[in-house]
$ cat structure14.txt   # compact mmCIF, C-alpha atoms
# COMPACT_ATOMS: atom_id res chain seq x y z
CA MET A 1 20.14 27.24 -23.97
CA ARG A 2 18.83 23.86 -25.07
CA ALA A 3 15.83 23.97 -27.36
CA ILE A 4 12.68 22.43 -25.91
CA GLU A 5 9.70 21.53 -28.07
CA PHE A 6 6.30 21.23 -26.44
CA LEU A 7 4.16 18.50 -27.98
CA ASN A 8 1.03 20.38 -27.03
CA GLU A 9 0.41 23.77 -25.44
CA ALA A 10 -2.56 22.72 -23.29
CA VAL A 11 -2.03 23.53 -19.60
CA ASP A 12 -4.05 22.22 -16.65
CA LYS A 13 -4.48 25.04 -14.10
CA ASP A 14 -5.18 22.60 -11.26
CA VAL A 15 -1.91 20.78 -11.96
CA MET A 16 -0.10 24.09 -12.10
CA ALA A 17 -1.52 25.04 -8.67
CA LEU A 18 -0.29 21.72 -7.30
CA GLN A 19 3.15 22.28 -8.80
CA ARG A 20 3.39 25.77 -7.31
CA GLU A 21 2.66 24.45 -3.83
CA LEU A 22 5.21 21.66 -4.25
CA LYS A 23 7.80 24.13 -5.50
CA ALA A 24 7.15 26.40 -2.52
CA LYS A 25 8.05 23.44 -0.30
CA GLY A 26 11.33 23.03 -2.14
CA ALA A 27 10.36 20.09 -4.36
CA ASN A 28 12.48 19.31 -7.40
CA LEU A 29 10.10 19.22 -10.37
CA GLY A 30 12.75 19.04 -13.06
CA THR A 31 13.43 21.74 -15.62
CA PHE A 32 10.15 21.74 -17.54
CA GLY A 33 8.13 24.86 -18.27
CA PHE A 34 9.00 28.22 -19.76
CA ASN A 35 10.86 29.25 -16.59
CA LYS A 36 12.62 25.86 -16.36
CA ASP A 37 11.26 25.44 -12.83
CA GLY A 38 9.03 22.42 -13.42
CA ILE A 39 5.80 24.41 -13.23
CA ASP A 40 4.18 23.65 -16.58
CA GLY A 41 0.63 22.50 -15.82
CA ARG A 42 1.28 18.98 -17.08
CA LEU A 43 0.85 15.94 -14.84
CA GLY A 44 3.66 13.42 -15.11
CA SER A 45 6.14 11.36 -13.12
CA TYR A 46 8.10 14.34 -11.75
CA THR A 47 5.04 15.92 -10.18
CA ARG A 48 3.75 12.59 -8.86
CA ARG A 49 7.05 11.68 -7.23
CA ALA A 50 7.40 15.12 -5.67
CA ALA A 51 3.86 14.90 -4.26
CA GLU A 52 4.73 11.60 -2.54
CA LYS A 53 7.20 13.51 -0.36
CA PHE A 54 4.52 15.94 0.86
CA PRO A 55 1.49 13.90 1.98
CA GLU A 56 -0.45 16.96 3.11
CA ILE A 57 -0.25 18.46 -0.38
CA ALA A 58 -0.96 15.11 -2.03
CA ALA A 59 -4.11 14.75 0.09
CA LYS A 60 -5.26 18.25 -0.85
CA TYR A 61 -4.81 17.50 -4.56
CA LYS A 62 -5.94 13.86 -4.50
CA ASP A 63 -8.50 14.39 -7.27
CA VAL A 64 -5.81 15.96 -9.47
CA LEU A 65 -3.30 13.19 -8.79
CA ASP A 66 -5.92 10.55 -9.57
CA ARG A 67 -6.08 11.81 -13.16
CA PRO A 68 -4.08 10.08 -15.92
CA ASP A 69 -0.78 11.64 -16.90
CA SER A 70 -1.05 14.47 -19.39
CA VAL A 71 -0.71 13.17 -22.93
CA ASP A 72 1.78 15.95 -23.55
CA ALA A 73 3.64 15.58 -20.24
CA GLN A 74 6.88 14.81 -22.03
CA LYS A 75 8.85 17.61 -23.61
CA VAL A 76 11.33 16.66 -26.28
CA ASP A 77 14.94 17.80 -26.23
CA VAL A 78 15.19 18.86 -29.85
CA THR A 79 18.92 19.60 -29.62
CA THR A 80 19.72 15.98 -28.82
CA ILE A 81 17.21 14.46 -31.24
CA GLN A 82 18.49 16.52 -34.17
CA ASP A 83 22.16 15.76 -33.49
CA PRO A 84 23.27 13.54 -36.41
CA ASP A 85 25.91 11.86 -34.24
CA PHE A 86 23.23 10.97 -31.70
CA LYS A 87 20.95 9.56 -34.39
CA ALA A 88 23.76 7.48 -35.86
CA LYS A 89 24.78 6.10 -32.48
CA VAL A 90 21.20 5.22 -31.51
CA GLU A 91 20.94 3.23 -34.74
CA LYS A 92 24.26 1.53 -34.07
CA ILE A 93 23.52 0.41 -30.52
CA ALA A 94 19.96 -0.62 -31.46
CA ASN A 95 21.39 -3.00 -34.07
CA LYS A 96 23.90 -4.38 -31.57
CA LEU A 97 21.21 -4.92 -28.94
CA GLY A 98 18.71 -6.55 -31.28
CA THR A 99 16.07 -3.85 -31.05
CA SER A 100 15.18 -0.82 -33.18
CA SER A 101 16.18 2.82 -33.01
CA ALA A 102 12.45 3.68 -32.93
CA ALA A 103 12.00 1.54 -29.81
CA LEU A 104 14.98 3.17 -28.11
CA MET A 105 13.71 6.65 -28.96
CA ALA A 106 10.24 5.79 -27.64
CA VAL A 107 11.76 4.79 -24.29
CA PHE A 108 13.89 7.96 -24.21
CA ARG A 109 10.79 10.09 -24.85
CA GLN A 110 8.83 8.28 -22.16
CA GLU A 111 11.56 8.47 -19.54
CA SER A 112 13.27 11.81 -20.07
CA GLY A 113 11.97 13.65 -23.12
CA VAL A 114 15.34 12.65 -24.68
CA ASN A 115 17.16 14.97 -22.28
CA PRO A 116 20.45 13.43 -21.05
CA HIS A 117 20.85 16.04 -18.28
CA ILE A 118 17.49 15.79 -16.58
CA GLN A 119 17.25 14.54 -12.99
CA ASN A 120 14.14 13.89 -10.93
CA SER A 121 13.41 14.26 -7.23
CA ILE A 122 14.74 10.79 -6.32
CA GLY A 123 17.96 11.12 -8.30
CA ALA A 124 17.02 9.26 -11.49
CA THR A 125 19.08 10.80 -14.27
CA GLY A 126 19.39 11.00 -18.01
CA LEU A 127 17.98 9.35 -21.10
CA ILE A 128 16.58 6.25 -19.38
CA GLN A 129 16.51 7.73 -15.86
CA PHE A 130 19.41 5.78 -14.40
CA MET A 131 19.03 5.28 -10.66
CA PRO A 132 22.10 5.93 -8.45
CA ASP A 133 22.61 2.22 -7.68
CA THR A 134 22.33 1.35 -11.36
CA ALA A 135 24.84 4.04 -12.30
CA ARG A 136 27.34 2.60 -9.81
CA ARG A 137 26.87 -0.88 -11.26
CA LEU A 138 27.70 0.58 -14.66
CA GLY A 139 30.90 2.17 -13.33
CA THR A 140 29.74 5.77 -13.07
CA THR A 141 27.49 8.06 -11.01
CA THR A 142 24.33 9.97 -11.71
CA ASP A 143 26.26 13.23 -11.27
CA GLU A 144 28.68 12.17 -13.99
CA LEU A 145 25.86 11.02 -16.24
CA ALA A 146 24.13 14.40 -15.89
CA LYS A 147 27.25 16.11 -17.25
CA MET A 148 27.33 13.96 -20.39
CA ASP A 149 25.75 14.85 -23.70
CA GLY A 150 23.44 12.38 -25.41
CA VAL A 151 26.15 10.77 -27.51
CA GLN A 152 28.35 10.12 -24.48
CA GLN A 153 25.48 8.82 -22.37
CA LEU A 154 24.48 6.30 -25.01
CA ASP A 155 27.52 4.23 -24.02
CA TYR A 156 25.88 3.68 -20.64
CA VAL A 157 22.48 3.05 -22.19
CA TYR A 158 24.13 0.28 -24.21
CA LYS A 159 25.90 -1.13 -21.14
CA TYR A 160 22.64 -1.11 -19.20
CA TYR A 161 20.68 -3.04 -21.82
CA LYS A 162 23.52 -5.51 -22.35
CA MET A 163 23.27 -6.17 -18.62
CA THR A 164 19.47 -6.56 -18.53
CA GLY A 165 18.70 -7.87 -22.01
CA VAL A 166 15.92 -6.51 -24.22
CA GLY A 167 13.59 -9.49 -24.43
CA ASP A 168 12.18 -9.85 -27.93
CA GLY A 169 13.42 -6.39 -28.87
CA SER A 170 9.95 -4.85 -29.07
CA VAL A 171 9.32 -1.43 -27.58
CA GLY A 172 7.24 -3.09 -24.85
CA ASP A 173 10.01 -5.47 -23.78
CA LEU A 174 12.60 -2.70 -24.05
CA TYR A 175 10.55 -0.57 -21.69
CA MET A 176 10.12 -3.49 -19.30
CA ALA A 177 13.93 -3.77 -19.31
CA THR A 178 14.00 -0.14 -18.25
CA PHE A 179 11.15 -0.28 -15.75
CA MET A 180 11.54 -3.74 -14.14
CA PRO A 181 13.92 -5.99 -16.06
CA LYS A 182 13.19 -8.97 -13.81
CA TYR A 183 9.75 -9.24 -15.38
CA ILE A 184 10.73 -9.35 -19.06
CA GLY A 185 8.83 -12.23 -20.62
CA TYR A 186 6.10 -12.41 -17.99
CA PRO A 187 2.49 -12.61 -19.31
CA PRO A 188 0.64 -9.33 -19.98
CA GLU A 189 -1.87 -9.93 -17.19
CA TYR A 190 0.79 -10.36 -14.51
CA VAL A 191 0.18 -7.84 -11.69
CA LEU A 192 3.23 -5.82 -10.66
CA GLY A 193 1.49 -3.48 -8.25
CA GLN A 194 -1.84 -3.31 -6.46
CA ARG A 195 -3.48 -0.42 -4.67
CA GLY A 196 -3.47 -0.82 -0.91
CA ALA A 197 -1.35 -3.98 -0.94
CA GLU A 198 1.44 -4.44 1.56
CA GLY A 199 5.11 -4.66 0.71
CA PHE A 200 6.55 -4.53 -2.79
CA SER A 201 3.25 -4.64 -4.66
CA GLY A 202 1.80 -1.70 -2.77
CA LYS A 203 4.97 0.33 -3.18
CA VAL A 204 5.04 -0.29 -6.93
CA TYR A 205 1.46 0.92 -7.23
CA ALA A 206 1.96 3.99 -5.05
CA GLN A 207 5.03 5.10 -7.00
CA ASN A 208 3.55 4.43 -10.45
CA LYS A 209 -0.21 4.82 -10.10
CA GLY A 210 -0.32 6.95 -13.24
CA LEU A 211 0.16 3.69 -15.16
CA ASP A 212 -3.21 2.44 -13.90
CA ARG A 213 -5.08 4.04 -16.77
CA ASN A 214 -8.28 2.02 -16.35
CA LYS A 215 -8.35 2.75 -12.59
CA ASP A 216 -8.85 -0.90 -11.60
CA GLY A 217 -6.34 -0.64 -8.77
CA LYS A 218 -3.74 -2.77 -10.52
CA ILE A 219 -0.64 -2.19 -12.60
CA THR A 220 0.00 -5.08 -14.96
CA ILE A 221 2.75 -5.85 -17.44
CA ALA A 222 0.29 -4.77 -20.14
CA ASP A 223 -0.22 -1.40 -18.44
CA VAL A 224 3.53 -0.75 -18.37
CA LYS A 225 4.01 -1.70 -22.01
CA GLN A 226 0.99 0.33 -23.11
CA SER A 227 2.36 3.47 -21.47
CA VAL A 228 5.21 3.74 -23.97
CA GLN A 229 3.16 2.98 -27.07
CA ARG A 230 2.16 6.63 -27.58
CA PHE A 231 5.79 7.32 -28.53
CA ALA A 232 6.33 4.20 -30.66
$ encode --input "structure14.txt" --output "structure tokens"
Amino acid sequence: MRAIEFLNEAVDKDVMALQRELKAKGANLGTFGFNKDGIDGRLGSYTRRAAEKFPEIAAKYKDVLDRPDSVDAQKVDVTTIQDPDFKAKVEKIANKLGTSSAALMAVFRQESGVNPHIQNSIGATGLIQFMPDTARRLGTTTDELAKMDGVQQLDYVYKYYKMTGVGDGSVGDLYMATFMPKYIGYPPEYVLGQRGAEGFSGKVYAQNKGLDRNKDGKITIADVKQSVQRFA
């Protein structure tokens, strides 16, 4: 059994009720929580993405889903973090990429809780939540990535960032490379997603509305970069 450390024990009962209804519908909420069933009372990307697949439940819990993500939504895979080989390899690839090990670890915490095996409801997998198409471009699959330990998966993390670049190497640019690499270097005020907009912009907002912390109906480059700062 892999050790899981909870950053905070606070649980939101409304979120837990939402998660139970989603689970009853067969939603994949990840392996969070004491029963490893994703029901942990913490609002994060797994719960949001599952709710998108069940509009009737999302409508019922609209007020809950409009809240910011739980500060403690990410659980940390202590087994991977404490592995000296993993630490050494993170340092090595950070140096090769022109970023820092702290920046890489912040992105891992934000995306997966540093769990190389975790998969979400749309198939994103591993340390930086590789999407299936991305995995294929890197010469593997998400199923294969899910079988790897952290040390093995870091080879693909390195390949991914070599492909996208890391901008100035800051944690903000590194996360942009993970989230939307096309927009590395764009100004902080650039709007990636807008509530109610048609096409790409509306889709970005709908899938990532938890990033709209000030509830102004927009997701900017600054919002994306700020989201990872709590782990920096």
$ residues_around --input "structure14.txt" --residues "A:Thr47" --least-positions-apart "6" --cutoff "9 Å" --atoms "all atoms listed in the file" --output "list in words"
Val15, Leu18, Gln19, Leu22, Ala27, Asn28, Leu29, Gly30, Gly38 and Leu65 of chain A
$ closest_residue --input "structure14.txt" --among "A:Lys89, A:Lys225, A:Lys53, A:Lys60" --to "A:Glu189" --atoms "only C-alpha atoms"
A:Lys225
$ atom_distance --input "structure14.txt" --atom1 "atom CA of A:Lys23" --atom2 "atom CA of A:Phe108"
25.5 Å
$ residues_near_point --input "structure14.txt" --point "(12.1, -0.3, -22.6)" --cutoff "6 Å" --atoms "all atoms listed in the file" --output "ChimeraX atom specification"
/A:107,171,173-178
$ atom_distance --input "structure14.txt" --atom1 "atom CA of A:Ala146" --atom2 "atom CA of A:Ala88"
21.1 Å
$ closest_residue --input "structure14.txt" --among "A:Lys159, A:Lys62, A:Arg213, A:Arg49" --to "A:Ala124" --atoms "all atoms listed in the file"
A:Arg49
$ residues_around --input "structure14.txt" --residues "A:Met16" --least-positions-apart "4" --cutoff "7 Å" --atoms "all atoms listed in the file" --output "compact mmCIF listing (two decimals) with C-alpha atoms, in the frame of the given file"
# COMPACT_ATOMS: atom_id res chain seq x y z
CA ASP A 12 -4.05 22.22 -16.65
CA ARG A 20 3.39 25.77 -7.31
CA ILE A 39 5.80 24.41 -13.23
CA ASP A 40 4.18 23.65 -16.58
CA GLY A 41 0.63 22.50 -15.82
$ atom_distance --input "structure14.txt" --atom1 "atom CA of A:Glu111" --atom2 "atom CA of A:Gly126"
8.4 Å
$ decode --input "structure14.txt" --residues "stretch 18-30 of chain A" --atoms "all heavy atoms" --output "short mmCIF file (atom, residue, chain, number, x, y, z; two decimals), in the first residue's frame"
data_model
loop_
_atom_site.label_atom_id
_atom_site.label_comp_id
_atom_site.auth_asym_id
_atom_site.auth_seq_id
_atom_site.Cartn_x
_atom_site.Cartn_y
_atom_site.Cartn_z
N LEU A 18 -21.73 15.44 -2.95
CA LEU A 18 -21.59 15.49 -4.40
C LEU A 18 -20.80 14.29 -4.91
O LEU A 18 -21.19 13.62 -5.87
CB LEU A 18 -20.90 16.80 -4.79
CG LEU A 18 -20.30 16.89 -6.20
CD1 LEU A 18 -21.40 16.75 -7.27
CD2 LEU A 18 -19.55 18.21 -6.37
N GLN A 19 -19.68 14.00 -4.26
CA GLN A 19 -18.84 12.89 -4.69
C GLN A 19 -19.56 11.55 -4.58
O GLN A 19 -19.42 10.69 -5.45
CB GLN A 19 -17.56 12.87 -3.86
CG GLN A 19 -16.63 14.04 -4.17
CD GLN A 19 -15.49 14.17 -3.19
OE1 GLN A 19 -15.59 13.75 -2.02
NE2 GLN A 19 -14.39 14.76 -3.63
N ARG A 20 -20.37 11.39 -3.54
CA ARG A 20 -21.11 10.13 -3.39
C ARG A 20 -22.12 9.94 -4.52
O ARG A 20 -22.29 8.83 -5.03
CB ARG A 20 -21.81 10.11 -2.03
CG ARG A 20 -20.85 9.84 -0.87
CD ARG A 20 -21.55 9.86 0.45
NE ARG A 20 -20.64 9.51 1.53
CZ ARG A 20 -20.66 10.06 2.73
NH1 ARG A 20 -21.55 11.01 3.02
NH2 ARG A 20 -19.80 9.70 3.66
N GLU A 21 -22.78 11.03 -4.92
CA GLU A 21 -23.74 10.92 -6.02
C GLU A 21 -23.03 10.61 -7.33
O GLU A 21 -23.50 9.83 -8.15
CB GLU A 21 -24.57 12.18 -6.13
CG GLU A 21 -25.56 12.35 -4.98
CD GLU A 21 -26.71 13.29 -5.33
OE1 GLU A 21 -27.09 13.37 -6.52
OE2 GLU A 21 -27.22 13.95 -4.40
N LEU A 22 -21.88 11.25 -7.54
CA LEU A 22 -21.11 10.98 -8.76
C LEU A 22 -20.63 9.54 -8.78
O LEU A 22 -20.69 8.86 -9.81
CB LEU A 22 -19.92 11.94 -8.84
CG LEU A 22 -20.24 13.41 -9.13
CD1 LEU A 22 -19.00 14.27 -8.94
CD2 LEU A 22 -20.80 13.58 -10.55
N LYS A 23 -20.17 9.08 -7.63
CA LYS A 23 -19.67 7.70 -7.55
C LYS A 23 -20.79 6.70 -7.82
O LYS A 23 -20.59 5.67 -8.49
CB LYS A 23 -19.05 7.45 -6.17
CG LYS A 23 -18.19 6.21 -6.08
CD LYS A 23 -16.90 6.42 -6.86
CE LYS A 23 -16.00 5.20 -6.74
NZ LYS A 23 -14.74 5.40 -7.49
N ALA A 24 -21.98 7.00 -7.32
CA ALA A 24 -23.13 6.12 -7.54
C ALA A 24 -23.49 6.01 -9.02
O ALA A 24 -24.07 5.01 -9.46
CB ALA A 24 -24.34 6.62 -6.75
N LYS A 25 -23.11 7.04 -9.79
CA LYS A 25 -23.34 7.03 -11.23
C LYS A 25 -22.21 6.35 -12.00
O LYS A 25 -22.24 6.26 -13.22
CB LYS A 25 -23.50 8.46 -11.74
CG LYS A 25 -24.78 9.15 -11.31
CD LYS A 25 -25.97 8.62 -12.11
CE LYS A 25 -27.21 9.46 -11.86
NZ LYS A 25 -28.35 9.00 -12.67
N GLY A 26 -21.19 5.93 -11.25
CA GLY A 26 -20.07 5.25 -11.89
C GLY A 26 -18.90 6.15 -12.25
O GLY A 26 -18.01 5.73 -13.01
N ALA A 27 -18.88 7.38 -11.74
CA ALA A 27 -17.80 8.31 -12.06
C ALA A 27 -16.48 7.84 -11.46
O ALA A 27 -16.43 7.26 -10.37
CB ALA A 27 -18.13 9.70 -11.53
N ASN A 28 -15.41 8.11 -12.19
CA ASN A 28 -14.06 7.83 -11.71
C ASN A 28 -13.54 9.08 -11.00
O ASN A 28 -13.28 10.10 -11.64
CB ASN A 28 -13.15 7.47 -12.89
CG ASN A 28 -11.71 7.20 -12.45
OD1 ASN A 28 -11.37 7.32 -11.28
ND2 ASN A 28 -10.88 6.85 -13.40
N LEU A 29 -13.40 9.02 -9.70
CA LEU A 29 -12.95 10.16 -8.91
C LEU A 29 -11.50 10.00 -8.44
O LEU A 29 -11.04 10.72 -7.57
CB LEU A 29 -13.86 10.34 -7.69
CG LEU A 29 -15.33 10.60 -7.98
CD1 LEU A 29 -16.11 10.68 -6.68
CD2 LEU A 29 -15.51 11.87 -8.80
N GLY A 30 -10.78 9.06 -9.04
CA GLY A 30 -9.41 8.83 -8.61
C GLY A 30 -9.36 7.91 -7.41
O GLY A 30 -10.33 7.21 -7.09
#
